[in-house]
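Engineer: File follows, coords24.cif with mmCIF, C-alpha atoms:
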```
data_protein
#
loop_
_atom_site.label_atom_id
_atom_site.label_comp_id
_atom_site.auth_asym_id
_atom_site.auth_seq_id
_atom_site.Cartn_x
_atom_site.Cartn_y
_atom_site.Cartn_z
CA MET A 1 -16.62 66.36 66.96
CA LEU A 2 -14.26 63.52 67.59
CA ALA A 3 -16.92 61.74 69.55
CA ASP A 4 -19.42 62.24 66.76
CA ALA A 5 -16.95 60.78 64.26
CA ALA A 6 -16.35 57.84 66.50
CA THR A 7 -20.06 57.37 67.00
CA ASN A 8 -20.69 57.54 63.25
CA SER A 9 -17.93 54.95 62.73
CA GLY A 10 -19.69 52.50 64.99
CA GLY A 11 -17.37 53.11 68.03
CA THR A 12 -18.05 54.34 71.66
CA CYS A 13 -16.70 57.34 73.56
CA SER A 14 -15.89 57.10 77.24
CA GLY A 15 -14.13 59.79 79.24
CA GLY A 16 -12.78 61.60 76.24
CA THR A 17 -11.15 58.47 74.90
CA VAL A 18 -12.25 57.10 71.61
CA LYS A 19 -12.58 53.35 71.48
CA ALA A 20 -13.22 51.79 68.10
CA THR A 21 -15.13 48.52 67.89
CA PRO A 22 -13.74 45.66 65.81
CA GLN A 23 -16.55 46.14 63.27
CA ALA A 24 -15.70 49.77 62.79
CA THR A 25 -12.02 48.98 62.46
CA ALA A 26 -12.68 46.40 59.75
CA GLN A 27 -14.95 48.75 57.82
CA THR A 28 -12.41 51.56 58.03
CA ALA A 29 -9.58 49.26 56.87
CA ALA A 30 -11.66 47.95 54.01
CA HIS A 31 -12.51 51.51 52.99
CA ILE A 32 -8.86 52.55 53.09
CA ASN A 33 -7.66 49.41 51.24
CA GLY A 34 -10.31 49.80 48.58
CA THR A 35 -9.29 53.40 48.06
CA GLU A 36 -5.63 52.48 47.76
CA LEU A 37 -6.43 49.56 45.41
CA ALA A 38 -8.54 51.80 43.27
CA ALA A 39 -5.73 54.30 43.19
CA VAL A 40 -3.28 51.62 42.14
CA VAL A 41 -5.48 50.00 39.50
CA ALA A 42 -6.72 53.21 38.04
CA VAL A 43 -5.22 53.89 34.62
CA PRO A 44 -5.38 56.94 32.47
CA ALA A 45 -8.32 57.06 30.12
CA ALA A 46 -6.13 57.80 27.15
CA MET A 47 -4.08 54.56 27.51
CA PRO A 48 -5.03 51.97 24.85
CA VAL A 49 -6.65 48.84 26.16
CA ALA A 50 -4.46 46.67 23.94
CA LEU A 51 -1.43 47.69 25.97
CA LEU A 52 -2.97 46.11 29.06
CA LEU A 53 -3.53 42.67 27.47
CA PRO A 54 -0.87 39.97 27.92
CA VAL A 55 1.21 39.41 24.83
CA ALA A 56 2.60 35.96 24.02
CA PRO A 57 6.28 35.94 23.21
CA LEU A 58 7.01 35.60 19.52
CA LEU A 59 8.95 32.47 18.65
CA PRO A 60 11.57 32.75 15.95
CA VAL A 61 10.48 31.24 12.63
CA THR A 62 13.07 28.78 11.45
CA PRO A 63 13.13 27.63 7.83
CA ALA A 64 12.71 23.96 6.96
CA GLY A 65 15.92 22.09 7.35
CA PHE A 66 17.80 20.13 4.74
CA ALA A 67 16.79 16.81 6.31
CA ALA A 68 13.08 17.66 6.06
CA ARG A 69 13.40 18.58 2.40
CA CYS A 70 15.29 15.38 1.67
CA THR A 71 12.62 13.35 3.46
CA ARG A 72 9.84 14.93 1.42
CA ALA A 73 11.78 14.33 -1.79
CA LEU A 74 12.43 10.69 -0.96
CA LEU A 75 8.78 10.06 -0.06
CA SER A 76 7.39 11.74 -3.16
CA PRO A 77 5.41 9.55 -5.59
CA TRP A 78 8.01 9.70 -8.36
CA SER A 79 10.84 8.83 -6.00
CA ARG A 80 8.95 5.77 -4.83
CA LEU A 81 8.23 4.76 -8.42
CA SER A 82 11.93 5.10 -9.22
CA LEU A 83 12.73 2.87 -6.25
CA LEU A 84 10.28 0.26 -7.55
CA LEU A 85 11.92 0.29 -10.98
CA VAL A 86 15.36 -0.08 -9.41
CA LEU A 87 14.20 -3.03 -7.30
CA LEU A 88 12.65 -4.79 -10.27
CA ALA A 89 15.71 -4.19 -12.43
CA GLY A 90 17.95 -5.56 -9.68
CA ALA A 91 15.74 -8.63 -9.27
CA ALA A 92 15.74 -9.32 -13.01
CA SER A 93 19.52 -8.93 -13.16
CA THR A 94 19.94 -11.36 -10.26
CA VAL A 95 17.80 -13.93 -12.04
CA LEU A 96 19.85 -13.60 -15.21
CA LEU A 97 23.03 -14.19 -13.22
CA PHE A 98 21.87 -17.20 -11.20
CA HIS A 99 19.83 -19.02 -13.90
CA PRO A 100 16.95 -20.53 -11.89
CA GLN A 101 16.17 -22.89 -14.79
CA ARG A 102 18.99 -25.07 -13.47
CA LEU A 103 16.43 -26.50 -11.06
CA LEU A 104 15.14 -28.65 -13.89
CA SER A 105 18.51 -30.26 -14.52
CA ASP A 106 20.33 -30.15 -11.19
CA GLY A 107 17.40 -30.82 -8.87
CA TRP A 108 16.66 -29.44 -5.43
CA PRO A 109 19.34 -29.40 -2.71
CA PRO A 110 19.53 -32.93 -1.24
CA GLN A 111 19.45 -31.75 2.37
CA LEU A 112 15.84 -30.64 1.91
CA GLY A 113 12.98 -33.01 1.41
CA GLY A 114 9.25 -33.43 1.77
CA ALA A 115 7.03 -30.60 2.96
CA MET A 116 9.97 -28.41 4.05
CA ALA A 117 11.45 -28.53 0.55
CA ALA A 118 8.06 -27.64 -0.90
CA LEU A 119 7.75 -24.61 1.40
CA VAL A 120 11.21 -23.37 0.48
CA PHE A 121 10.41 -23.87 -3.18
CA ALA A 122 7.15 -21.91 -2.79
CA ALA A 123 9.07 -18.99 -1.28
CA ALA A 124 11.65 -19.13 -4.09
CA TYR A 125 8.82 -19.39 -6.62
CA GLY A 126 7.20 -16.21 -5.30
CA LEU A 127 10.43 -14.22 -5.41
CA CYS A 128 11.30 -15.47 -8.89
CA SER A 129 7.85 -14.61 -10.24
CA VAL A 130 8.30 -11.05 -8.95
CA ALA A 131 11.62 -10.96 -10.85
CA PHE A 132 9.87 -11.76 -14.18
CA VAL A 133 10.80 -15.45 -14.31
CA PRO A 134 8.18 -17.13 -16.54
CA ARG A 135 5.67 -19.07 -14.45
CA PRO A 136 5.42 -21.99 -16.90
CA LEU A 137 9.09 -22.73 -16.26
CA LEU A 138 8.56 -22.61 -12.49
CA ASN A 139 5.49 -24.84 -12.76
CA LEU A 140 7.38 -27.41 -14.79
CA ALA A 141 10.15 -27.35 -12.18
CA ALA A 142 7.60 -27.89 -9.39
CA GLY A 143 6.22 -30.97 -11.16
CA ALA A 144 9.66 -32.37 -11.92
CA LEU A 145 10.86 -31.92 -8.33
CA PHE A 146 7.79 -32.80 -6.23
CA GLY A 147 5.36 -34.67 -8.43
CA SER A 148 1.81 -33.74 -9.34
CA GLN A 149 0.11 -33.25 -5.99
CA LEU A 150 2.81 -31.68 -3.84
CA GLY A 151 4.15 -29.77 -6.83
CA THR A 152 0.72 -28.26 -7.55
CA GLY A 153 0.36 -27.11 -3.94
CA ALA A 154 3.85 -25.57 -3.89
CA ALA A 155 3.31 -23.84 -7.23
CA LEU A 156 -0.05 -22.39 -6.17
CA ALA A 157 1.40 -21.15 -2.90
CA GLY A 158 4.28 -19.53 -4.77
CA THR A 159 1.86 -17.99 -7.25
CA VAL A 160 -0.21 -16.33 -4.53
CA LEU A 161 2.93 -15.23 -2.69
CA GLY A 162 4.48 -13.68 -5.78
CA ALA A 163 1.22 -11.97 -6.71
CA GLY A 164 0.89 -10.55 -3.20
CA ILE A 165 4.46 -9.20 -3.21
CA SER A 166 4.00 -7.58 -6.62
CA PHE A 167 0.63 -6.12 -5.61
CA GLY A 168 2.07 -4.69 -2.40
CA LEU A 169 5.10 -3.16 -4.14
CA GLY A 170 2.94 -1.63 -6.83
CA ARG A 171 0.40 -0.30 -4.35
CA VAL A 172 2.96 1.30 -2.01
CA LEU A 173 5.58 2.50 -4.49
CA GLY A 174 3.76 3.01 -7.76
CA GLN A 175 0.08 3.80 -7.31
CA ASP A 176 0.37 7.49 -6.35
CA ALA A 177 2.63 8.25 -9.31
CA LEU A 178 0.79 6.23 -11.96
CA ARG A 179 -2.86 6.94 -11.17
CA PRO A 180 -2.71 10.55 -12.47
CA LEU A 181 -1.52 9.11 -15.81
CA LEU A 182 -4.74 7.09 -16.34
CA ARG A 183 -6.20 9.54 -18.85
CA GLY A 184 -6.72 7.43 -21.96
CA ARG A 185 -10.05 5.80 -22.70
CA TRP A 186 -8.69 2.28 -22.49
CA LEU A 187 -6.79 2.98 -19.32
CA LYS A 188 -9.82 4.53 -17.63
CA ALA A 189 -12.02 1.64 -18.71
CA ALA A 190 -9.55 -0.94 -17.38
CA ASP A 191 -9.14 0.95 -14.12
CA GLY A 192 -12.89 1.21 -13.63
CA GLN A 193 -13.38 -2.49 -14.35
CA LEU A 194 -10.67 -3.55 -11.92
CA SER A 195 -11.80 -1.13 -9.24
CA ARG A 196 -15.54 -1.90 -9.36
CA HIS A 197 -15.46 -5.60 -10.24
CA GLY A 198 -12.18 -6.70 -8.72
CA PHE A 199 -12.82 -10.39 -8.10
CA ARG A 200 -14.57 -11.07 -11.41
CA SER A 201 -12.04 -9.13 -13.46
CA MET A 202 -9.04 -10.74 -11.78
CA LEU A 203 -10.52 -14.22 -12.10
CA ALA A 204 -11.00 -13.70 -15.84
CA ALA A 205 -7.46 -12.33 -16.19
CA ARG A 206 -5.99 -15.39 -14.44
CA LEU A 207 -8.04 -17.84 -16.52
CA PHE A 208 -7.33 -16.10 -19.82
CA PRO A 209 -4.03 -17.37 -21.25
CA GLY A 210 -1.45 -15.05 -22.70
CA LEU A 211 -1.71 -12.22 -20.17
CA PRO A 212 1.63 -11.68 -18.39
CA PHE A 213 1.47 -12.54 -14.73
CA TRP A 214 3.53 -9.56 -13.54
CA GLY A 215 1.65 -7.12 -15.79
CA VAL A 216 -1.72 -8.13 -14.33
CA ASN A 217 -0.33 -7.79 -10.81
CA TYR A 218 0.89 -4.23 -11.28
CA CYS A 219 -2.22 -3.14 -13.19
CA ALA A 220 -4.33 -4.36 -10.29
CA ALA A 221 -2.04 -2.55 -7.84
CA VAL A 222 -2.50 0.78 -9.63
CA SER A 223 -6.28 0.37 -9.53
CA ARG A 224 -8.38 0.58 -6.37
CA MET A 225 -8.87 -3.16 -6.08
CA ARG A 226 -8.78 -4.51 -2.53
CA TRP A 227 -6.41 -7.18 -1.25
CA THR A 228 -8.94 -9.93 -0.53
CA PRO A 229 -10.57 -10.23 -3.98
CA PHE A 230 -7.17 -9.93 -5.65
CA LEU A 231 -5.58 -12.81 -3.72
CA LEU A 232 -8.68 -15.00 -3.77
CA ALA A 233 -9.21 -14.60 -7.52
CA THR A 234 -5.51 -15.24 -8.13
CA ALA A 235 -5.60 -18.48 -6.14
CA LEU A 236 -8.74 -19.79 -7.84
CA GLY A 237 -8.00 -18.60 -11.36
CA SER A 238 -4.47 -19.99 -11.39
CA ILE A 239 -5.45 -23.57 -10.55
CA PRO A 240 -6.17 -24.93 -14.08
CA ASN A 241 -3.10 -23.55 -15.82
CA THR A 242 -0.77 -24.24 -12.90
CA ALA A 243 -1.95 -27.81 -12.45
CA ALA A 244 -1.59 -28.54 -16.17
CA TYR A 245 2.01 -27.38 -16.25
CA VAL A 246 2.89 -29.18 -13.01
CA VAL A 247 1.46 -32.47 -14.30
CA ALA A 248 3.33 -31.99 -17.56
CA GLY A 249 6.53 -31.47 -15.63
CA ALA A 250 5.92 -34.51 -13.46
CA ARG A 251 5.20 -36.73 -16.50
CA ALA A 252 7.85 -35.30 -18.79
CA SER A 253 9.83 -38.52 -18.63
CA SER A 254 6.94 -40.36 -20.29
CA PRO A 255 5.58 -38.03 -22.98
CA THR A 256 3.23 -40.69 -24.37
CA SER A 257 1.40 -41.25 -21.10
CA PRO A 258 -2.28 -40.20 -20.91
CA ALA A 259 -1.59 -37.79 -18.04
CA PHE A 260 1.04 -35.96 -20.02
CA LEU A 261 -1.13 -35.76 -23.13
CA ILE A 262 -4.12 -34.48 -21.14
CA ALA A 263 -1.94 -31.88 -19.46
CA MET A 264 -0.60 -30.67 -22.80
CA ALA A 265 -4.16 -30.49 -24.14
CA CYS A 266 -5.19 -28.38 -21.12
CA ILE A 267 -2.31 -26.04 -21.91
CA ALA A 268 -2.80 -25.82 -25.67
CA LEU A 269 -6.59 -25.58 -25.93
CA PRO A 270 -7.03 -22.49 -23.70
CA ALA A 271 -4.15 -20.78 -25.48
CA LEU A 272 -5.73 -21.53 -28.86
CA GLY A 273 -9.13 -20.35 -27.64
CA GLY A 274 -7.62 -17.12 -26.35
CA ALA A 275 -5.93 -16.48 -29.67
CA VAL A 276 -9.20 -17.01 -31.54
CA VAL A 277 -11.09 -14.64 -29.24
CA ALA A 278 -8.39 -11.97 -29.62
CA TRP A 279 -8.47 -12.35 -33.41
CA ARG A 280 -12.24 -11.96 -33.55
CA LYS A 281 -12.21 -8.96 -31.23
CA ARG A 282 -9.46 -7.10 -33.08
CA HIS A 283 -11.88 -4.92 -35.07
CA HIS A 284 -13.80 -4.04 -31.94
CA LEU A 285 -10.58 -3.04 -30.19
CA ARG A 286 -9.49 -0.90 -33.11
CA ALA A 287 -12.88 0.86 -33.16
CA GLN A 288 -12.44 1.89 -29.55
#
```
In structure tokens, what does this structure look like?

Structural biologist:
Amino acid sequence: MLADAATNSGGTCSGGTVKATPQATAQTAAHINGTELAAVVAVPAAMPVALLLPVAPLLPVTPAGFAARCTRALLSPWSRLSLLLVLLAGAASTVLLFHPQRLLSDGWPPQLGGAMAALVFAAAYGLCSVAFVPRPLLNLAAGALFGSQLGTGAALAGTVLGAGISFGLGRVLGQDALRPLLRGRWLKAADGQLSRHGFRSMLAARLFPGLPFWGVNYCAAVSRMRWTPFLLATALGSIPNTAAYVVAGARASSPTSPAFLIAMACIALPALGGAVVAWRKRHHLRAQ
């Protein structure tokens, strides 16, 4: 019987001694190992399968910290708008304390001259225009300090710089808070005009006298106007009015000269034409 078992297992029998071949030994070991593995892996049928799946450890849920809440509050639209108002109020207060109109009487610091003085003046012009200093006063100062040509260049550079600063402040700090308030018919119409026809609308606003410089800047910032048409239309539309005031400032010492009289005519005639157009359009505006 033992011999038969050995023969069936693939071994040989010689002289009553059973000798197993390597193939039979491997098959027997595999059979035994498979049986033991099956016995180990076998699970009761009644055990739920979900208990066998790996479960990820649950991380403790921590509430939002005080710093995160403060950050969200500081970055909210109304907080940014409040910051803009504080900055503008501080700038206006600084201007009232330092009186930039003294440039007309005291002159520019003597250690600066030429192109460097014009660049410094352009930077000061831009900051002062953001702080609600009237541009006609700054243009007159540019003409009195640097003459017609260099003064016009410095004033135009300061105009574009101040417009860009105001536009950036309004876009970053005020747009998200103020756009939901554009519900009136006039406000929606103005926003649509500035957003769809940015260059043309801004060019007309710069050429039309009487519109406050800072007001136009922040209205454009609240709209969806892009940077390029805003700055380009500001630079082109500000040339006539700026040049007229600069020439008037440069020729103020000789008020009877032709250049001064032409400059004053270029200032007065557009203002008069704008007043006439506004007077004729008053009924149309009331009907809207």

Engineer: A:Pro134, A:Gly215, A:Pro270, A:Pro258: which is nearest A:Ala92, counting only C-alpha atoms?

Structural biologist: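 The closest residue to A:Ala92 is A:Pro134.
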
Engineer: Between atom CA of A:Gly162 and atom CA of A:Leu84, what is the distance in Å, rounded to a tenth?

Structural biologist: 15.2 Å

Engineer: Could you jot down the atom CA of A:Ala248 to atom CA of A:Ala131 separation for me, Å, one decimal place?

Structural biologist: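 Pair atom CA of A:Ala248 / atom CA of A:Ala131 returns 23.6 Å.
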
Engineer: In Å, how far is it from atom CA of A:Ile267 to atom CA of A:Ala163?

Structural biologist: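 Atom CA of A:Ile267 sits 21.0 Å away from atom CA of A:Ala163.
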
Engineer: Using only C-alpha atoms, which residue out of A:Ile165, A:Ala141, A:Leu173, A:Ala271 lies closest to A:Leu85?

Structural biologist: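 Looking only at the distances to A:Leu85, the closest residue turns out to be A:Leu173.
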
Engineer: Determine the residue membership of the PyMOL selection byres ((chain A and resi 121) around 9) for the file above and supply it as a PyMOL selection string.

Structural biologist: chain A and resi 108+116-120+122-126+142+154-155+158

Engineer: Go ahead and dump the residues you just picked, C-alpha atoms, as a PDB file, in the frame of the given file.

Structural biologist:
```pdb
ATOM      1  CA  TRP A 108      16.660 -29.440  -5.430  1.00  0.00           C
ATOM      2  CA  MET A 116       9.970 -28.410   4.050  1.00  0.00           C
ATOM      3  CA  ALA A 117      11.450 -28.530   0.550  1.00  0.00           C
ATOM      4  CA  ALA A 118       8.060 -27.640  -0.900  1.00  0.00           C
ATOM      5  CA  LEU A 119       7.750 -24.610   1.400  1.00  0.00           C
ATOM      6  CA  VAL A 120      11.210 -23.370   0.480  1.00  0.00           C
ATOM      7  CA  ALA A 122       7.150 -21.910  -2.790  1.00  0.00           C
ATOM      8  CA  ALA A 123       9.070 -18.990  -1.280  1.00  0.00           C
ATOM      9  CA  ALA A 124      11.650 -19.130  -4.090  1.00  0.00           C
ATOM     10  CA  TYR A 125       8.820 -19.390  -6.620  1.00  0.00           C
ATOM     11  CA  GLY A 126       7.200 -16.210  -5.300  1.00  0.00           C
ATOM     12  CA  ALA A 142       7.600 -27.890  -9.390  1.00  0.00           C
ATOM     13  CA  ALA A 154       3.850 -25.570  -3.890  1.00  0.00           C
ATOM     14  CA  ALA A 155       3.310 -23.840  -7.230  1.00  0.00           C
ATOM     15  CA  GLY A 158       4.280 -19.530  -4.770  1.00  0.00           C
TER      16      GLY A 158
END
```

Engineer: Could you check which of A:Asn241, A:Ser201, A:Ser195, A:Gln175 is closest to A:Trp78, using only C-alpha atoms?

Structural biologist: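 Closest to A:Trp78, using only C-alpha atoms: A:Gln175.
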
Engineer: Check the smallest atom-to-atom distance from each of A:Val133, A:Leu145, A:Leu187, A:Ala91 to A:Gly113 using all atoms listed in the file, then report the winner.

Structural biologist: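 Closest candidate: A:Leu145.
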
Engineer: Which neighbours of A:Phe230 fall inside 10 Å, counting all atoms listed in the file, when residues of the same chain fewer than 2 positions from it are skipped, and could you give them as a ChimeraX atom specification?

Structural biologist: /A:160,163-164,167,194,198-203,217,220-221,225-228,232-235

Engineer: Write to file, as a PDB file, in the coordinates of the input, the residues of the selection just made, with C-alpha atoms.

Structural biologist:
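Output file part29.pdb is given in full below:
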```pdb
ATOM      1  CA  VAL A 160      -0.210 -16.330  -4.530  1.00  0.00           C
ATOM      2  CA  ALA A 163       1.220 -11.970  -6.710  1.00  0.00           C
ATOM      3  CA  GLY A 164       0.890 -10.550  -3.200  1.00  0.00           C
ATOM      4  CA  PHE A 167       0.630  -6.120  -5.610  1.00  0.00           C
ATOM      5  CA  LEU A 194     -10.670  -3.550 -11.920  1.00  0.00           C
ATOM      6  CA  GLY A 198     -12.180  -6.700  -8.720  1.00  0.00           C
ATOM      7  CA  PHE A 199     -12.820 -10.390  -8.100  1.00  0.00           C
ATOM      8  CA  ARG A 200     -14.570 -11.070 -11.410  1.00  0.00           C
ATOM      9  CA  SER A 201     -12.040  -9.130 -13.460  1.00  0.00           C
ATOM     10  CA  MET A 202      -9.040 -10.740 -11.780  1.00  0.00           C
ATOM     11  CA  LEU A 203     -10.520 -14.220 -12.100  1.00  0.00           C
ATOM     12  CA  ASN A 217      -0.330  -7.790 -10.810  1.00  0.00           C
ATOM     13  CA  ALA A 220      -4.330  -4.360 -10.290  1.00  0.00           C
ATOM     14  CA  ALA A 221      -2.040  -2.550  -7.840  1.00  0.00           C
ATOM     15  CA  MET A 225      -8.870  -3.160  -6.080  1.00  0.00           C
ATOM     16  CA  ARG A 226      -8.780  -4.510  -2.530  1.00  0.00           C
ATOM     17  CA  TRP A 227      -6.410  -7.180  -1.250  1.00  0.00           C
ATOM     18  CA  THR A 228      -8.940  -9.930  -0.530  1.00  0.00           C
ATOM     19  CA  LEU A 232      -8.680 -15.000  -3.770  1.00  0.00           C
ATOM     20  CA  ALA A 233      -9.210 -14.600  -7.520  1.00  0.00           C
ATOM     21  CA  THR A 234      -5.510 -15.240  -8.130  1.00  0.00           C
ATOM     22  CA  ALA A 235      -5.600 -18.480  -6.140  1.00  0.00           C
TER      23      ALA A 235
END
```

Engineer: Given all atoms listed in the file as the basis, pick out the residue of A:Gly143, A:Gly90, A:Gly273, A:Pro77 nearest to A:Gly170.

Structural biologist: A:Pro77

Engineer: Would you write out, as a ChimeraX atom specification, every residue that the PyMOL selection byres ((chain A and resi 137) around 12) captures in this file?

Structural biologist: /A:99-104,125,128-129,132-136,138-144,155,242,245-246,248-249

Engineer: Counting only C-alpha atoms, which residue out of A:Ala244, A:Leu182, A:Leu161, A:Cys70 sits closest to A:Leu269?

Structural biologist: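 Answer, going by the shortest atom-to-atom distance: A:Ala244.
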